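Engineer: The file below is work_38.txt, compact mmCIF, C-alpha atoms:
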# COMPACT_ATOMS: atom_id res chain seq x y z
CA SER A 1 0.00 0.00 0.00
CA MET A 2 1.10 3.53 -0.62
CA ASP A 3 2.62 5.22 2.38
CA LEU A 4 0.76 8.45 2.92
CA CYS A 5 2.41 11.01 5.11
CA ASP A 6 1.50 14.37 6.56
CA PRO A 7 2.33 16.91 3.84
CA TRP A 8 4.10 19.10 6.42
CA LYS A 9 6.27 16.22 7.60
CA CYS A 10 7.28 14.41 4.44
CA PRO A 11 11.04 14.01 4.28
CA PRO A 12 12.67 15.46 1.16
CA SER A 13 13.05 13.02 -1.70
CA LYS A 14 16.69 13.95 -2.15
CA TYR A 15 19.48 15.34 0.00
CA ALA A 16 22.43 17.50 -1.02
CA TRP A 17 25.94 16.43 -0.06
CA GLY A 18 29.44 17.90 -0.03
CA SER A 19 30.66 21.48 -0.28
CA LEU A 20 30.17 24.37 -2.67
CA ASP A 21 33.06 25.54 -4.84
CA SER A 22 32.99 29.35 -4.90
CA SER A 23 34.24 29.72 -8.47
CA ILE A 24 31.72 27.22 -9.86
CA VAL A 25 28.91 28.94 -7.93
CA MET A 26 29.91 32.39 -9.22
CA GLN A 27 30.19 31.12 -12.79
CA LYS A 28 26.71 29.60 -12.65
CA LEU A 29 25.19 32.68 -11.04
CA LEU A 30 26.57 34.86 -13.83
CA GLN A 31 25.34 32.40 -16.47
CA GLU A 32 21.87 32.48 -14.91
CA GLY A 33 21.65 36.25 -15.01
CA PHE A 34 22.78 37.28 -11.52
CA THR A 35 25.33 39.61 -13.11
CA GLN A 36 25.62 41.84 -10.03
CA ALA A 37 26.70 38.97 -7.78
CA LYS A 38 29.74 39.86 -5.67
CA ILE A 39 31.75 37.43 -3.57
CA GLN A 40 33.62 37.96 -0.34
CA HIS A 41 35.69 35.17 1.18
CA ASN A 42 36.04 34.74 4.93
CA ALA A 43 37.93 32.38 7.22
CA THR A 44 35.69 29.36 6.65
CA GLY A 45 33.53 30.11 3.63
CA PHE A 46 32.20 32.92 1.50
CA ILE A 47 29.33 35.38 1.22
CA ILE A 48 27.68 36.31 -2.07
CA THR A 49 25.64 39.49 -2.27
CA ILE A 50 23.22 40.14 -5.11
CA PRO A 51 21.95 43.73 -4.76
CA SER A 52 19.69 43.51 -7.83
CA ASP A 53 17.59 40.87 -6.04
CA ASN A 54 18.16 41.98 -2.42
CA ALA A 55 19.69 38.57 -1.77
CA THR A 56 22.63 37.29 0.25
CA VAL A 57 24.00 33.76 0.24
CA THR A 58 26.22 32.74 3.16
CA VAL A 59 28.18 29.58 2.45
CA GLU A 60 30.04 27.44 4.97
CA PRO A 61 31.63 24.05 4.21
CA ASN A 62 28.48 22.09 5.13
CA SER A 63 25.74 24.68 5.01
CA THR A 64 24.23 27.44 2.92
CA HIS A 65 21.85 30.18 4.02
CA ILE A 66 19.90 32.01 1.31
CA VAL A 67 18.51 35.31 2.58
CA CYS A 68 16.08 37.31 0.44
CA THR A 69 14.38 40.58 1.31
CA GLY A 70 11.24 42.11 -0.12
CA GLY A 71 10.73 39.53 -2.81
CA ASP A 72 8.00 37.09 -3.75
CA GLY A 73 10.19 34.01 -3.42
CA ALA A 74 11.29 33.82 -7.05
CA ALA A 75 14.90 34.78 -6.31
CA ARG A 76 15.09 32.22 -3.50
CA LEU A 77 13.83 29.42 -5.74
CA LYS A 78 16.22 30.34 -8.52
CA LEU A 79 19.21 30.59 -6.17
CA ARG A 80 18.25 27.32 -4.53
CA ARG A 81 18.11 25.54 -7.90
CA ILE A 82 21.51 26.96 -8.96
CA LEU A 83 23.21 26.14 -5.66
CA ILE A 84 21.83 22.60 -5.53
CA SER A 85 23.10 22.04 -9.06
CA CYS A 86 26.60 22.79 -7.70
CA LEU A 87 26.28 20.05 -5.04
CA THR A 88 26.05 16.28 -5.21
CA GLU A 89 22.43 15.26 -4.85
CA PHE A 90 21.01 11.82 -4.14
CA MET B 1 23.71 2.00 -5.18
CA ILE B 2 27.39 2.90 -4.99
CA MET B 3 30.49 1.55 -6.68
CA LYS B 4 33.61 1.33 -4.58
CA ASP B 5 36.78 -0.74 -5.17
CA ASN B 6 35.14 -2.12 -8.31
CA LYS B 7 32.24 -3.54 -6.34
CA LEU B 8 28.63 -2.50 -6.51
CA LYS B 9 26.72 -2.15 -3.27
CA ILE B 10 23.19 -1.17 -2.40
CA VAL B 11 23.13 0.93 0.75
CA ASP B 12 20.90 3.58 2.31
CA VAL B 13 21.55 7.26 1.63
CA GLN B 14 23.32 7.97 4.94
CA SER B 15 25.70 5.03 4.52
CA ALA B 16 26.36 5.91 0.88
CA ALA B 17 27.36 9.43 1.83
CA LYS B 18 29.58 8.08 4.61
CA GLU B 19 31.31 5.65 2.25
CA LEU B 20 31.90 8.41 -0.26
CA ASP B 21 33.08 10.74 2.51
CA LEU B 22 30.43 13.34 1.65
CA PRO B 23 28.98 15.31 4.55
CA ARG B 24 25.35 16.40 4.35
CA HIS B 25 24.97 19.96 3.06
CA ILE B 26 22.20 21.78 4.90
CA MET B 27 20.40 24.58 3.09
CA GLN B 28 18.47 27.26 4.96
CA PHE B 29 16.25 30.06 3.75
CA THR B 30 15.21 33.39 5.20
CA GLU B 31 12.62 35.53 3.45
CA THR B 32 11.85 38.98 4.82
CA VAL B 33 8.80 41.02 3.89
CA ASN B 34 7.34 44.29 5.11
CA VAL B 35 3.73 44.09 6.17
CA ARG B 36 1.41 47.02 6.74
CA GLU B 37 0.59 46.77 10.44
CA LEU B 38 -0.04 49.61 12.87
CA GLY B 39 0.04 47.72 16.17
CA THR B 40 2.93 47.12 18.53
CA LEU B 41 5.44 44.37 17.78
CA SER B 42 3.85 42.04 20.32
CA ARG B 43 0.37 42.64 18.91
CA VAL B 44 1.53 41.89 15.39
CA THR B 45 3.35 38.80 16.68
CA ASP B 46 0.11 37.59 18.32
CA LYS B 47 -1.81 38.28 15.13
CA ILE B 48 0.67 36.19 13.13
CA ALA B 49 0.55 33.37 15.70
CA ASN B 50 -3.26 33.34 15.56
CA LEU B 51 -3.24 33.30 11.76
CA LEU B 52 -0.81 30.37 11.78
CA LYS B 53 -2.88 28.47 14.36
CA ALA B 54 -5.99 28.95 12.23
CA ARG B 55 -4.32 27.89 9.00
CA LEU B 56 -2.24 25.05 10.48
CA PRO B 57 -4.58 23.48 13.05
CA ASP B 58 -2.58 20.24 13.31
CA VAL B 59 0.76 21.93 13.83
CA SER B 60 2.09 23.43 17.07
CA VAL B 61 2.45 27.22 17.04
CA GLU B 62 4.34 28.72 19.97
CA LEU B 63 5.86 32.01 21.10
CA PRO B 64 9.32 30.96 22.34
CA ALA B 65 10.74 34.47 22.62
CA GLU B 66 9.68 38.08 22.32
CA ASN B 67 8.34 38.92 18.86
CA GLU B 68 9.03 35.41 17.65
CA VAL B 69 6.75 32.57 16.54
CA SER B 70 7.86 28.95 16.30
CA VAL B 71 5.98 26.62 13.98
CA ASP B 72 6.11 22.86 14.63
CA ASN B 73 8.95 22.90 17.17
CA SER B 74 11.13 25.47 15.42
CA ARG B 75 10.93 23.89 11.98
CA VAL B 76 9.89 27.37 10.88
CA ILE B 77 10.70 30.55 12.82
CA VAL B 78 8.90 33.84 12.23
CA LYS B 79 10.45 37.04 13.64
CA VAL B 80 8.73 40.40 13.77
CA GLY B 81 10.83 43.57 13.79
CA GLN B 82 10.51 47.31 13.75
CA ILE B 83 11.33 49.23 10.58
CA PRO B 84 13.32 52.38 11.39
CA LYS B 85 11.26 55.57 11.04
CA ASN B 86 8.17 53.62 10.04
CA ASP B 87 5.17 53.23 12.34
CA THR B 88 2.76 51.80 9.77
CA ALA B 89 4.67 48.67 8.79
CA LYS B 90 6.64 45.83 10.39
CA GLU B 91 9.40 43.65 9.06
CA VAL B 92 8.55 39.94 9.15
CA SER B 93 11.24 37.35 8.49
CA VAL B 94 10.60 33.65 8.02
CA THR B 95 13.43 31.11 8.38
CA TRP B 96 13.35 27.40 7.54
CA SER B 97 15.52 24.59 6.27
CA ILE B 98 15.22 22.77 2.96
CA ASP B 99 13.97 19.71 4.89
CA ASP B 100 10.91 21.74 5.86
CA ASP B 101 10.47 23.51 2.56
CA GLU B 102 6.76 22.96 2.09
CA LEU B 103 5.91 24.24 5.55
CA GLY B 104 8.38 27.14 5.31
CA ALA B 105 7.21 28.28 1.88
CA PHE B 106 3.59 28.03 3.06
CA VAL B 107 4.26 30.21 6.12
CA PHE B 108 6.16 32.73 4.00
CA ALA B 109 3.29 32.90 1.49
CA LEU B 110 0.87 33.43 4.37
CA MET B 111 2.87 36.42 5.63
CA GLY B 112 2.37 38.04 2.24
CA THR B 113 -1.39 37.98 2.81
CA LEU B 114 -1.18 39.91 6.12
CA SER B 115 -1.28 43.36 4.56
CA LYS B 116 -4.09 42.49 2.21
For this file, write the structure as structure tokens.

Structural biologist:
Amino acid sequence: SMDLCDPWKCPPSKYAWGSLDSSIVMQKLLQEGFTQAKIQHNATGFIITIPSDNATVTVEPNSTHIVCTGGDGAARLKLRRILISCLTEF
Amino acid sequence: MIMKDNKLKIVDVQSAAKELDLPRHIMQFTETVNVRELGTLSRVTDKIANLLKARLPDVSVELPAENEVSVDNSRVIVKVGQIPKNDTAKEVSVTWSIDDDELGAFVFALMGTLSK
């Protein structure tokens, strides 16, 4: 029988693994039209700011935080898709 | 299924990642919107909590800290803040992890309806 679960508690069908490579991420962001993206490296990771979309992406070896302000969610979804494409997913 | 040392193995996701030496990469999101609200921060926080309780009757909605709402044991956190020099609007930020994406995106979408 099909296993039905609470829509708010379904685990994701896939997980992302590994780390993000800053140069690959920047290249993809530019390709996808985030031409104002600027990167700043810090001790453990990097921060990408995208003023055109009021977005900031903070990247650490095992985590990424996408922060968007004043938008309708479109920038978040696009950034999420690009960043996941730079990780191993299974 | 993974291939290692020329052998194929079927293992669960966690074990596969361990074998391949890949740590889990956690993705988090924060979306911030301004909502037209005249009341005090705590009143707006209560209003948001009540809206969430009404729309998510099977999920726990709590107020763990001042001007903060926790949805389903902190799977989604909503924070209400003042906007400098603005008395007619509040800044509402919603934070969640990719594991809770449906719930997080739903709560964020709901915040967009507050002003309307």

Engineer: Using only C-alpha atoms, which residues sit within 6 Å of segment 17-27 of chain A once same-chain residues fewer than 6 positions away are excluded, as a list in words?

Structural biologist: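 Non-adjacent residues within range: Pro61, Asn62 and Thr88 of chain A; Leu22, Pro23, Arg24 and His25 of chain B.
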
Engineer: Can you write out as a Markdown table which residues of chain A fall within 9 Å of chain B, alongside each residue's closest atom pair and its distance in Å to one decimal, counting only C-alpha atoms and ordering rows by chain and ascending residue number?

Structural biologist:
| residue | atom | partner | partner_atom | distance |
| --- | --- | --- | --- | --- |
| A:Pro7 | CA | B:Glu102 | CA | 7.7 |
| A:Trp8 | CA | B:Leu103 | CA | 5.5 |
| A:Lys9 | CA | B:Asp100 | CA | 7.4 |
| A:Cys10 | CA | B:Asp100 | CA | 8.3 |
| A:Pro11 | CA | B:Asp99 | CA | 6.4 |
| A:Pro12 | CA | B:Asp99 | CA | 5.8 |
| A:Tyr15 | CA | B:Arg24 | CA | 7.4 |
| A:Ala16 | CA | B:His25 | CA | 5.4 |
| A:Trp17 | CA | B:Arg24 | CA | 4.4 |
| A:Gly18 | CA | B:Leu22 | CA | 5.0 |
| A:Ser19 | CA | B:His25 | CA | 6.8 |
| A:Leu20 | CA | B:His25 | CA | 8.9 |
| A:Pro61 | CA | B:His25 | CA | 7.9 |
| A:Asn62 | CA | B:His25 | CA | 4.6 |
| A:Ser63 | CA | B:Ile26 | CA | 4.6 |
| A:Thr64 | CA | B:Met27 | CA | 4.8 |
| A:His65 | CA | B:Gln28 | CA | 4.6 |
| A:Ile66 | CA | B:Phe29 | CA | 4.8 |
| A:Val67 | CA | B:Thr30 | CA | 4.6 |
| A:Cys68 | CA | B:Glu31 | CA | 4.9 |
| A:Thr69 | CA | B:Thr32 | CA | 4.6 |
| A:Gly70 | CA | B:Val33 | CA | 4.8 |
| A:Gly71 | CA | B:Val33 | CA | 7.1 |
| A:Asp72 | CA | B:Ala109 | CA | 8.2 |
| A:Gly73 | CA | B:Glu31 | CA | 7.4 |
| A:Arg76 | CA | B:Phe29 | CA | 7.7 |
| A:Arg80 | CA | B:Met27 | CA | 8.4 |
| A:Ile84 | CA | B:Met27 | CA | 9.0 |
| A:Leu87 | CA | B:His25 | CA | 8.2 |
| A:Thr88 | CA | B:Leu22 | CA | 8.7 |
| A:Phe90 | CA | B:Val13 | CA | 7.4 |

Engineer: What's the separation between atom CA of Ala75 of chain A and atom CA of Asp53 of chain A, in Å to one decimal place?

Structural biologist: 6.7 Å

Engineer: Quick one, how far is atom CA of Gln36 of chain A from atom CA of Glu60 of chain A?

Structural biologist: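 Going from atom CA of Gln36 of chain A over to atom CA of Glu60 of chain A covers 21.3 Å.
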
Engineer: Of the candidates B:Asp87, B:Leu51, B:Gly81, B:Pro64, which one gets nearest to Val107 of chain B if we count only C-alpha atoms?

Structural biologist: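 Residue with the minimum atom-to-atom distance to Val107 of chain B: B:Leu51.
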
Engineer: Grab the atom CA of Ile77 of chain B to atom CA of Val61 of chain B distance for me, in Å with one decimal place.

Structural biologist: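 Taking atom CA of Ile77 of chain B as the start and atom CA of Val61 of chain B as the end point, the length is 9.8 Å.
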
Engineer: Kindly indicate which residue among B:Val80, B:Leu110, B:Ile10, B:Val71 lies nearest to Arg43 of chain B, using all atoms listed in the file for the distances.

Structural biologist: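 Of the candidates, the smallest distance to Arg43 of chain B is held by B:Val80.
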